[in-house]
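Structure data follow from coords-v7.cif (mmCIF, C-alpha atoms):
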```
data_final
loop_
_atom_site.label_atom_id
_atom_site.label_comp_id
_atom_site.auth_asym_id
_atom_site.auth_seq_id
_atom_site.Cartn_x
_atom_site.Cartn_y
_atom_site.Cartn_z
CA MET W 1 -8.52 16.60 1.98
CA ASN W 2 -6.48 13.93 0.19
CA LEU W 3 -2.67 13.83 0.03
CA ARG W 4 -2.41 15.51 -3.37
CA GLU W 5 -4.61 18.42 -2.31
CA PHE W 6 -2.71 18.73 0.98
CA THR W 7 0.78 18.76 -0.57
CA GLU W 8 -0.28 21.25 -3.24
CA ALA W 9 -1.70 23.55 -0.54
CA VAL W 10 1.53 23.27 1.49
CA ASP W 11 3.70 23.97 -1.57
CA CYS W 12 1.61 27.01 -2.41
CA ARG W 13 2.04 28.44 1.08
CA THR W 14 5.78 27.71 1.46
CA ARG W 15 6.58 29.42 -1.84
CA LYS W 16 5.25 32.66 -0.35
CA MET W 17 7.11 32.36 2.97
CA THR W 18 10.34 34.11 3.94
CA VAL W 19 13.28 32.28 5.52
CA GLU W 20 12.32 33.62 8.92
CA GLU W 21 8.73 32.48 8.47
CA LEU W 22 9.96 29.00 7.51
CA ARG W 23 12.13 28.89 10.66
CA THR W 24 9.11 29.83 12.75
CA ALA W 25 7.01 27.16 11.05
CA PHE W 26 9.62 24.46 11.67
CA HIS W 27 9.96 25.57 15.30
CA SER W 28 6.20 25.33 15.82
CA LEU W 29 6.09 21.96 14.07
CA ALA W 30 8.95 20.65 16.23
CA ARG W 31 7.04 21.52 19.41
CA LYS W 32 4.23 19.18 18.29
CA VAL W 33 6.47 16.16 17.54
CA PRO W 34 5.94 13.35 20.13
CA GLU W 35 9.04 12.39 22.10
CA ARG W 36 9.27 8.97 20.43
CA ASP W 37 9.47 10.62 16.97
CA ARG W 38 11.93 13.41 17.76
CA ALA W 39 15.06 11.49 16.73
CA ASP W 40 13.44 10.70 13.36
CA PHE W 41 12.47 14.35 12.92
CA LEU W 42 16.05 15.51 13.53
CA GLU W 43 17.35 12.85 11.15
CA PHE W 44 14.92 14.09 8.50
CA MET W 45 16.26 17.63 8.94
CA ASN W 46 19.85 16.34 8.70
CA GLN W 47 19.03 14.52 5.48
CA VAL W 48 17.50 17.66 3.99
CA GLY W 49 20.63 19.60 4.90
CA GLN W 50 22.90 16.89 3.52
CA THR W 51 21.01 16.91 0.24
CA ALA W 52 21.49 20.66 -0.08
CA SER W 53 25.22 20.32 0.72
CA LEU W 54 25.67 17.53 -1.78
CA GLU W 55 24.05 19.60 -4.48
CA GLY W 56 26.49 22.33 -3.55
CA GLY W 57 29.56 20.34 -4.57
CA LYS W 58 30.09 17.08 -2.66
CA LYS W 59 29.32 14.73 -5.53
CA LYS W 60 32.74 13.08 -5.23
CA ASP W 61 32.09 12.06 -1.61
CA VAL W 62 28.70 10.72 -2.65
CA SER W 63 30.27 8.61 -5.37
CA MET W 64 32.76 7.06 -2.93
CA ALA W 65 30.04 6.37 -0.36
CA ARG W 66 27.87 4.85 -3.06
CA ALA W 67 30.65 2.47 -4.07
CA GLN W 68 31.12 1.37 -0.45
CA ASP W 69 27.39 0.86 -0.03
CA GLU W 70 27.24 -1.18 -3.23
CA ALA W 71 30.00 -3.50 -2.02
CA GLU W 72 28.19 -4.03 1.29
CA ILE W 73 24.89 -4.64 -0.49
CA LYS W 74 26.42 -7.29 -2.78
CA LYS W 75 28.04 -9.07 0.16
CA GLU W 76 24.87 -9.12 2.25
CA TYR W 77 22.73 -10.21 -0.71
CA ALA W 78 25.04 -13.17 -1.34
CA ARG W 79 24.83 -14.17 2.34
CA LEU W 80 21.03 -14.00 2.44
CA LYS W 81 20.69 -15.86 -0.85
CA ARG W 82 22.76 -18.75 0.53
CA GLN W 83 20.62 -18.87 3.66
CA PHE W 84 17.36 -18.96 1.70
CA GLU W 85 18.78 -21.71 -0.49
CA SER W 86 19.47 -23.72 2.69
CA ILE W 87 15.88 -23.15 3.80
CA GLY W 88 14.55 -24.26 0.41
CA GLU W 89 16.68 -27.40 0.53
CA GLU W 90 15.26 -28.22 3.99
CA GLU W 91 18.62 -27.87 5.71
CA LEU W 92 17.01 -25.35 8.06
CA VAL W 93 13.56 -26.21 9.48
CA PHE W 94 11.17 -25.41 12.31
CA ASP W 95 10.37 -27.98 14.98
CA ALA W 96 6.61 -28.23 15.52
CA GLN W 97 4.45 -29.98 18.09
CA GLY W 98 0.71 -30.22 17.43
CA TYR W 99 -2.06 -30.82 19.93
CA GLU W 100 -5.80 -30.32 20.34
CA ASP W 101 -6.82 -27.11 22.05
CA TYR W 102 -10.08 -27.34 24.05
CA SER W 103 -10.04 -23.77 25.36
CA SER W 104 -13.20 -23.00 23.34
CA GLY W 105 -15.06 -25.96 24.86
CA TYR W 106 -14.82 -29.75 24.94
CA TRP W 107 -16.93 -30.23 21.82
CA ASP W 108 -15.20 -27.48 19.88
CA SER W 109 -11.49 -28.26 19.77
CA ASP W 110 -8.85 -26.73 17.48
CA TRP W 111 -5.62 -28.30 16.31
CA VAL W 112 -2.79 -25.92 17.12
CA TYR W 113 0.99 -25.99 16.89
CA GLU W 114 3.79 -24.76 19.06
CA TYR W 115 7.08 -24.09 17.30
CA GLU W 116 10.76 -24.02 18.11
CA ASP W 117 13.35 -22.36 15.90
CA PRO W 118 16.70 -24.07 16.56
CA ASP W 119 18.09 -22.96 13.18
CA ARG W 120 17.16 -19.30 13.80
CA ILE W 121 15.09 -19.04 10.66
CA GLY W 122 13.16 -16.14 12.15
CA GLU W 123 16.36 -14.09 12.36
CA ILE W 124 17.10 -14.78 8.69
CA TYR W 125 13.72 -13.39 7.65
CA GLU W 126 14.04 -10.42 9.97
CA ASP W 127 17.51 -9.64 8.55
CA ALA W 128 16.06 -9.95 5.06
CA ALA W 129 13.19 -7.54 5.82
CA ARG W 130 15.60 -4.94 7.20
CA PHE W 131 17.85 -5.45 4.18
CA VAL W 132 14.96 -4.95 1.74
CA GLU W 133 14.04 -1.64 3.34
CA ARG W 134 17.67 -0.52 3.43
CA CYS W 135 18.17 -1.35 -0.26
CA ILE W 136 15.06 0.54 -1.30
CA ASN W 137 15.84 3.54 0.90
CA ASP W 138 19.41 3.70 -0.45
CA GLY W 139 18.46 3.32 -4.10
CA PHE W 140 19.32 -0.37 -4.64
CA CYS W 141 15.74 -1.24 -5.49
CA GLN W 142 16.42 -4.16 -7.80
CA THR W 143 18.45 -6.01 -5.16
CA GLY W 144 15.84 -5.27 -2.50
CA LEU W 145 13.06 -6.69 -4.70
CA LYS W 146 15.12 -9.83 -5.35
CA VAL W 147 15.41 -10.46 -1.61
CA PHE W 148 11.70 -9.80 -1.12
CA ASP W 149 10.97 -12.41 -3.79
CA LEU W 150 13.19 -14.85 -1.87
CA MET W 151 11.14 -14.16 1.24
CA THR W 152 7.80 -14.77 -0.47
CA ASP W 153 8.83 -17.62 -2.80
CA THR W 154 10.64 -19.71 -0.19
CA GLU W 155 8.51 -22.11 1.84
CA VAL W 156 9.85 -23.17 5.25
CA TRP W 157 9.34 -26.75 6.37
CA ALA W 158 8.12 -27.50 9.88
CA SER W 159 8.64 -31.01 11.21
CA ASP W 160 6.13 -32.58 13.61
CA GLY W 161 7.72 -35.92 14.36
CA GLY W 162 7.07 -38.00 11.27
CA ASP W 163 4.93 -35.39 9.52
CA SER W 164 6.08 -32.20 7.83
CA PHE W 165 4.30 -29.20 6.38
CA GLU W 166 5.23 -25.87 4.78
CA LEU W 167 4.85 -22.33 6.09
CA GLY W 168 4.86 -19.18 3.95
CA LEU W 169 5.81 -15.64 4.94
CA GLU W 170 2.31 -14.58 6.00
CA GLU W 171 1.73 -17.76 7.98
CA MET W 172 4.99 -17.26 9.87
CA ILE W 173 4.01 -13.66 10.68
CA ASP W 174 0.57 -14.83 11.85
CA GLU W 175 2.17 -17.52 14.03
CA LYS W 176 4.51 -14.85 15.47
CA LEU W 177 7.57 -16.78 14.32
CA LEU W 178 8.93 -13.56 12.81
CA SER W 179 9.12 -10.05 14.23
CA ILE W 180 8.51 -8.05 11.04
CA ASP W 181 6.58 -4.83 10.46
CA ALA W 182 4.52 -6.16 7.56
CA ASP W 183 2.87 -2.80 6.76
CA SER W 184 6.22 -1.04 6.48
CA LEU W 185 7.61 -3.86 4.34
CA LYS W 186 4.63 -3.72 1.95
CA LYS W 187 4.96 0.01 1.40
CA SER W 188 8.73 -0.17 0.97
CA VAL W 189 8.46 -2.93 -1.62
CA LEU W 190 5.84 -1.08 -3.68
CA TYR W 191 7.91 2.09 -3.44
CA GLY W 192 10.84 0.07 -4.81
CA VAL W 193 8.68 -1.37 -7.59
CA TYR W 194 7.73 2.18 -8.59
CA GLN W 195 11.34 3.39 -8.62
CA ASN W 196 12.66 0.30 -10.42
CA THR W 197 10.08 0.10 -13.23
CA PRO W 198 10.07 2.16 -16.45
CA PHE W 199 7.18 4.62 -16.67
CA GLN W 200 5.30 2.82 -19.44
CA ASN W 201 5.40 -0.52 -17.61
CA ARG W 202 4.52 0.70 -14.11
CA PRO W 203 0.75 0.11 -14.15
CA GLN W 204 1.05 -3.55 -15.19
CA VAL W 205 4.00 -4.35 -12.91
CA PHE W 206 2.37 -2.50 -10.02
CA PHE W 207 -0.84 -4.45 -10.54
CA ASP W 208 1.08 -7.74 -10.58
CA TYR W 209 2.36 -6.91 -7.09
CA VAL W 210 -0.75 -5.46 -5.46
CA THR W 211 -2.84 -8.46 -6.52
CA ARG W 212 -0.66 -10.71 -4.36
CA HIS W 213 -2.44 -11.60 -1.12
CA PHE W 214 0.38 -10.10 0.94
CA PHE W 215 -0.53 -6.60 -0.34
CA ARG W 216 -4.31 -6.89 0.11
CA ASP W 217 -4.58 -4.02 2.63
CA VAL W 218 -2.10 -1.56 1.11
CA LYS W 219 -3.15 1.93 -0.03
CA ILE W 220 -1.46 3.54 -3.01
CA GLU W 221 -1.60 6.93 -1.27
CA ASP W 222 0.67 5.54 1.46
CA VAL W 223 3.19 4.38 -1.14
CA LEU W 224 3.25 7.69 -3.01
CA SER W 225 3.82 9.61 0.23
CA MET W 226 6.95 7.61 1.14
CA GLY W 227 10.47 8.99 0.84
CA ARG W 228 11.91 12.43 1.48
CA GLU W 229 10.99 13.65 -2.00
CA GLU W 230 7.91 13.32 -4.17
CA LEU W 231 8.11 10.35 -6.50
CA PRO W 232 8.99 11.24 -10.10
CA ASP W 233 6.07 11.33 -12.55
CA SER W 234 3.60 10.52 -9.77
CA SER W 235 0.80 12.51 -11.38
CA GLY W 236 1.42 10.87 -14.76
CA PHE W 237 1.57 7.46 -13.13
CA MET W 238 -1.79 7.97 -11.44
CA GLU W 239 -3.42 8.89 -14.74
CA GLY W 240 -1.93 5.79 -16.38
CA TRP W 241 -2.91 3.68 -13.36
CA ILE W 242 -6.51 4.88 -13.60
CA ALA W 243 -6.63 4.20 -17.35
CA PHE W 244 -5.20 0.70 -16.81
CA LEU W 245 -7.63 -0.20 -14.03
CA THR W 246 -10.62 1.21 -15.90
CA GLU W 247 -10.23 -1.50 -18.55
CA HIS W 248 -9.16 -4.24 -16.13
CA PRO W 249 -12.11 -6.18 -14.65
CA GLY W 250 -12.22 -7.68 -11.19
CA GLU W 251 -12.87 -6.75 -7.58
CA VAL W 252 -9.24 -5.94 -6.77
CA ALA W 253 -8.92 -3.64 -9.79
CA GLY W 254 -12.18 -1.94 -8.78
CA LYS W 255 -10.92 -1.33 -5.24
CA PHE W 256 -7.72 0.31 -6.43
CA LEU W 257 -9.57 2.27 -9.13
CA CYS W 258 -11.92 3.86 -6.57
CA GLU W 259 -8.97 4.75 -4.38
CA ALA W 260 -6.97 6.21 -7.29
CA VAL W 261 -9.79 8.30 -8.75
CA LEU W 262 -10.76 9.83 -5.40
CA TYR W 263 -7.07 10.53 -4.65
CA GLN W 264 -6.16 12.05 -8.01
CA LYS W 265 -9.32 13.79 -9.21
CA SER W 266 -12.03 16.10 -7.96
CA GLY W 267 -15.51 17.31 -8.87
CA ASP W 268 -16.50 16.81 -12.51
CA GLU W 269 -13.30 14.79 -13.14
CA ILE W 270 -14.53 12.13 -10.71
CA MET W 271 -17.88 11.99 -12.45
CA GLU W 272 -16.25 11.57 -15.87
CA ALA W 273 -13.96 8.80 -14.58
CA ALA W 274 -16.98 7.00 -13.09
CA ARG W 275 -18.84 7.17 -16.40
CA LYS W 276 -15.87 5.70 -18.29
CA ALA W 277 -15.49 2.87 -15.77
CA ALA W 278 -19.21 2.05 -15.43
CA ARG W 279 -19.02 -1.03 -17.67
CA CYS W 280 -16.26 -2.82 -15.72
CA HIS W 281 -16.50 -1.07 -12.36
CA PRO W 282 -19.97 0.25 -11.46
CA SER W 283 -18.75 0.37 -7.86
CA LEU W 284 -16.94 3.60 -8.74
CA LEU W 285 -20.31 5.25 -9.37
CA LEU W 286 -21.39 4.51 -5.81
CA ALA W 287 -17.97 5.50 -4.43
CA ALA W 288 -18.23 8.84 -6.25
CA MET W 289 -21.68 9.47 -4.75
CA GLU W 290 -20.42 8.68 -1.25
CA HIS W 291 -17.45 10.99 -1.84
CA PHE W 292 -19.74 13.86 -2.83
CA GLU W 293 -22.02 13.10 0.12
CA GLU W 294 -19.10 13.41 2.57
CA ARG W 295 -18.24 16.79 1.09
CA LYS W 296 -21.88 17.99 1.20
CA ASP W 297 -21.84 18.31 -2.60
CA ILE W 298 -25.47 17.28 -2.94
CA GLN W 299 -25.83 18.59 -6.49
CA ARG W 300 -23.13 16.30 -7.85
CA GLN W 301 -24.32 13.40 -5.69
CA LEU W 302 -27.78 13.73 -7.18
CA ALA W 303 -26.55 14.15 -10.77
CA MET W 304 -24.21 11.16 -10.44
CA GLY W 305 -27.01 9.05 -8.97
CA LYS W 306 -29.43 9.81 -11.79
CA GLU W 307 -26.79 8.88 -14.37
CA ALA W 308 -25.83 5.74 -12.45
CA LEU W 309 -29.42 4.49 -12.42
CA GLU W 310 -29.33 4.55 -16.22
CA LEU W 311 -25.91 2.91 -16.44
CA VAL W 312 -26.19 0.04 -13.91
CA ASP W 313 -28.21 -3.07 -14.66
CA GLY W 314 -31.25 -3.50 -12.39
CA ARG W 315 -30.17 -7.05 -11.50
CA TYR W 316 -27.32 -5.79 -9.33
CA VAL W 317 -27.75 -5.13 -5.60
CA LEU W 318 -25.38 -2.21 -6.12
CA ARG W 319 -28.09 -0.42 -8.10
CA SER W 320 -30.40 -0.47 -5.09
CA ARG W 321 -27.69 1.18 -2.99
CA ILE W 322 -27.22 3.79 -5.69
CA ALA W 323 -30.98 4.39 -5.71
CA LEU W 324 -30.96 4.92 -1.94
CA LYS W 325 -28.11 7.42 -2.18
CA THR W 326 -29.90 9.22 -5.00
CA ALA W 327 -33.10 9.40 -2.95
CA GLU W 328 -31.16 10.74 0.03
CA ALA W 329 -29.64 13.47 -2.15
CA GLY W 330 -33.09 14.46 -3.39
CA ASN W 331 -34.84 14.09 -0.05
CA GLY W 332 -37.97 16.19 0.09
CA ARG W 333 -38.19 16.70 -3.67
CA PRO W 334 -41.31 14.93 -5.09
CA MET W 335 -39.84 14.74 -8.60
CA ILE W 336 -37.13 12.42 -7.35
CA CYS W 337 -39.67 10.08 -5.78
CA MET W 338 -41.47 9.83 -9.12
CA GLU W 339 -38.18 9.09 -10.86
CA MET W 340 -37.53 6.27 -8.42
CA LYS W 341 -40.90 4.72 -9.27
CA GLU W 342 -40.21 5.04 -12.99
CA HIS W 343 -36.96 3.14 -12.48
CA LYS W 344 -38.81 0.51 -10.45
CA CYS W 345 -36.26 0.66 -7.64
CA CYS W 346 -36.81 -1.13 -4.34
CA PHE W 347 -35.86 0.67 -1.15
#
```
Whole structure, structure tokens version:
Amino acid sequence: MNLREFTEAVDCRTRKMTVEELRTAFHSLARKVPERDRADFLEFMNQVGQTASLEGGKKKDVSMARAQDEAEIKKEYARLKRQFESIGEEELVFDAQGYEDYSSGYWDSDWVYEYEDPDRIGEIYEDAARFVERCINDGFCQTGLKVFDLMTDTEVWASDGGDSFELGLEEMIDEKLLSIDADSLKKSVLYGVYQNTPFQNRPQVFFDYVTRHFFRDVKIEDVLSMGREELPDSSGFMEGWIAFLTEHPGEVAGKFLCEAVLYQKSGDEIMEAARKAARCHPSLLLAAMEHFEERKDIQRQLAMGKEALELVDGRYVLRSRIALKTAEAGNGRPMICMEMKEHKCCF
């Protein structure tokens, strides 16, 4: 069950529950929360209560708190911007010492570096990552995205005696020069991009971000499930996202299209989306078949496979995989074997 199906099922059930039943449900849920997550769970409940109170007439207090937060955000942004400018101007650098590492064997050495951070550059990046997440969580998305761009656009110089070289954000994380939760940062940034971008521009702007190497492992479902409340227009965004990716060629677009279609659609809708995308993204045809196979929907798996064999050029290896999945769906049915021969498929 994907996130959309799950949340819809939960909403359907909670609408029918009494207050006492909801209390019982929360009590049972609380008993299953691991000890390490209990403080976060209580904070979540506090936030829900605060939201209800605010809607009940505390808008003035919210306005004052917002003004204070905005002043703090501006001050911290100015501080971080100055620090990143110093890094870019090579006023702050890493010290590096390179040597050959023979731990893999004498004839198979690697050149490795050890680093020192006398200018505390790591702390600057860690402060920036925390600030980005704070800005996005508190609704200052534009400022948070500006600081994230500083983090990714600024190269840090490392000096190895007479030689120098640059390190980017991902390289510093890989070298353990920074203590940053990269997965959390990725999701927070994309959540901020969603909130900060007008509806009609979201697919293009979103695509510009997710095609950066830093976001290569992110899942859109994780982004849409962030925050205490459901993102506005999320269903409309997913439809626009699918339409955008359907016409946008490339492996990255195909990956996100498969994910989006299987998240947003079901049954015949998946089959129709796969047909529309067959020209640019035949991989969605195979993904649809695998999806139906997991759900034991053999009829749709077989129907999708027969269509896919007509739609995908025989030169592609993908077509052979589709043929195998089609044969599996029709296992034990002689007519399918004859169809395979007619299509001249190799197994």
Contact residues around W:Lys296 with all atoms listed in the file at 12 Å, ignoring same-chain residues under 6 positions, as number ranges by chain:
W: 267, 289-290, 302, 328-329
Expand the PyMOL selection byres ((chain W and resi 273) around 10) into the individual residues it matches in the shown file, reporting them as JSON, numbers by chain.
{"W": [242, 243, 246, 257, 258, 261, 262, 265, 268, 269, 270, 271, 272, 274, 275, 276, 277, 278, 284, 285, 288]}
Evaluated on this file, the PyMOL selection byres ((chain W and resi 264) around 8) picks out some residues - which ones are they, written as JSON, numbers by chain?
{"W": [4, 235, 238, 239, 260, 261, 262, 263, 265, 266]}
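For the pair atom CA of W:Gly192 and atom CA of W:Tyr125, the separation is 18.6 Å.
Among W:Phe94, W:Phe244, W:Phe292, W:Phe140, the residue with the shortest atom-to-atom distance to W:Leu167, counting only C-alpha atoms, is W:Phe94.
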Given the PyMOL selection byres ((chain W and resi 185) around 12), the residues it picks as a PDB file with C-alpha atoms, keeping the file's coordinate frame:
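Saved file part.pdb follows:
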```
ATOM      1  CA  TYR W 125      13.720 -13.390   7.650  1.00  0.00           C
ATOM      2  CA  GLU W 126      14.040 -10.420   9.970  1.00  0.00           C
ATOM      3  CA  ALA W 128      16.060  -9.950   5.060  1.00  0.00           C
ATOM      4  CA  ALA W 129      13.190  -7.540   5.820  1.00  0.00           C
ATOM      5  CA  ARG W 130      15.600  -4.940   7.200  1.00  0.00           C
ATOM      6  CA  PHE W 131      17.850  -5.450   4.180  1.00  0.00           C
ATOM      7  CA  VAL W 132      14.960  -4.950   1.740  1.00  0.00           C
ATOM      8  CA  GLU W 133      14.040  -1.640   3.340  1.00  0.00           C
ATOM      9  CA  ARG W 134      17.670  -0.520   3.430  1.00  0.00           C
ATOM     10  CA  CYS W 135      18.170  -1.350  -0.260  1.00  0.00           C
ATOM     11  CA  ILE W 136      15.060   0.540  -1.300  1.00  0.00           C
ATOM     12  CA  ASN W 137      15.840   3.540   0.900  1.00  0.00           C
ATOM     13  CA  GLY W 144      15.840  -5.270  -2.500  1.00  0.00           C
ATOM     14  CA  LEU W 145      13.060  -6.690  -4.700  1.00  0.00           C
ATOM     15  CA  VAL W 147      15.410 -10.460  -1.610  1.00  0.00           C
ATOM     16  CA  PHE W 148      11.700  -9.800  -1.120  1.00  0.00           C
ATOM     17  CA  MET W 151      11.140 -14.160   1.240  1.00  0.00           C
ATOM     18  CA  THR W 152       7.800 -14.770  -0.470  1.00  0.00           C
ATOM     19  CA  LEU W 169       5.810 -15.640   4.940  1.00  0.00           C
ATOM     20  CA  SER W 179       9.120 -10.050  14.230  1.00  0.00           C
ATOM     21  CA  ILE W 180       8.510  -8.050  11.040  1.00  0.00           C
ATOM     22  CA  ASP W 181       6.580  -4.830  10.460  1.00  0.00           C
ATOM     23  CA  ALA W 182       4.520  -6.160   7.560  1.00  0.00           C
ATOM     24  CA  ASP W 183       2.870  -2.800   6.760  1.00  0.00           C
ATOM     25  CA  SER W 184       6.220  -1.040   6.480  1.00  0.00           C
ATOM     26  CA  LYS W 186       4.630  -3.720   1.950  1.00  0.00           C
ATOM     27  CA  LYS W 187       4.960   0.010   1.400  1.00  0.00           C
ATOM     28  CA  SER W 188       8.730  -0.170   0.970  1.00  0.00           C
ATOM     29  CA  VAL W 189       8.460  -2.930  -1.620  1.00  0.00           C
ATOM     30  CA  LEU W 190       5.840  -1.080  -3.680  1.00  0.00           C
ATOM     31  CA  TYR W 191       7.910   2.090  -3.440  1.00  0.00           C
ATOM     32  CA  GLY W 192      10.840   0.070  -4.810  1.00  0.00           C
ATOM     33  CA  PHE W 214       0.380 -10.100   0.940  1.00  0.00           C
ATOM     34  CA  PHE W 215      -0.530  -6.600  -0.340  1.00  0.00           C
ATOM     35  CA  VAL W 218      -2.100  -1.560   1.110  1.00  0.00           C
ATOM     36  CA  VAL W 223       3.190   4.380  -1.140  1.00  0.00           C
ATOM     37  CA  MET W 226       6.950   7.610   1.140  1.00  0.00           C
TER      38      MET W 226
END
```
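Between atom CA of W:Asp149 and atom CA of W:Asp163 lies a distance of 27.2 Å.
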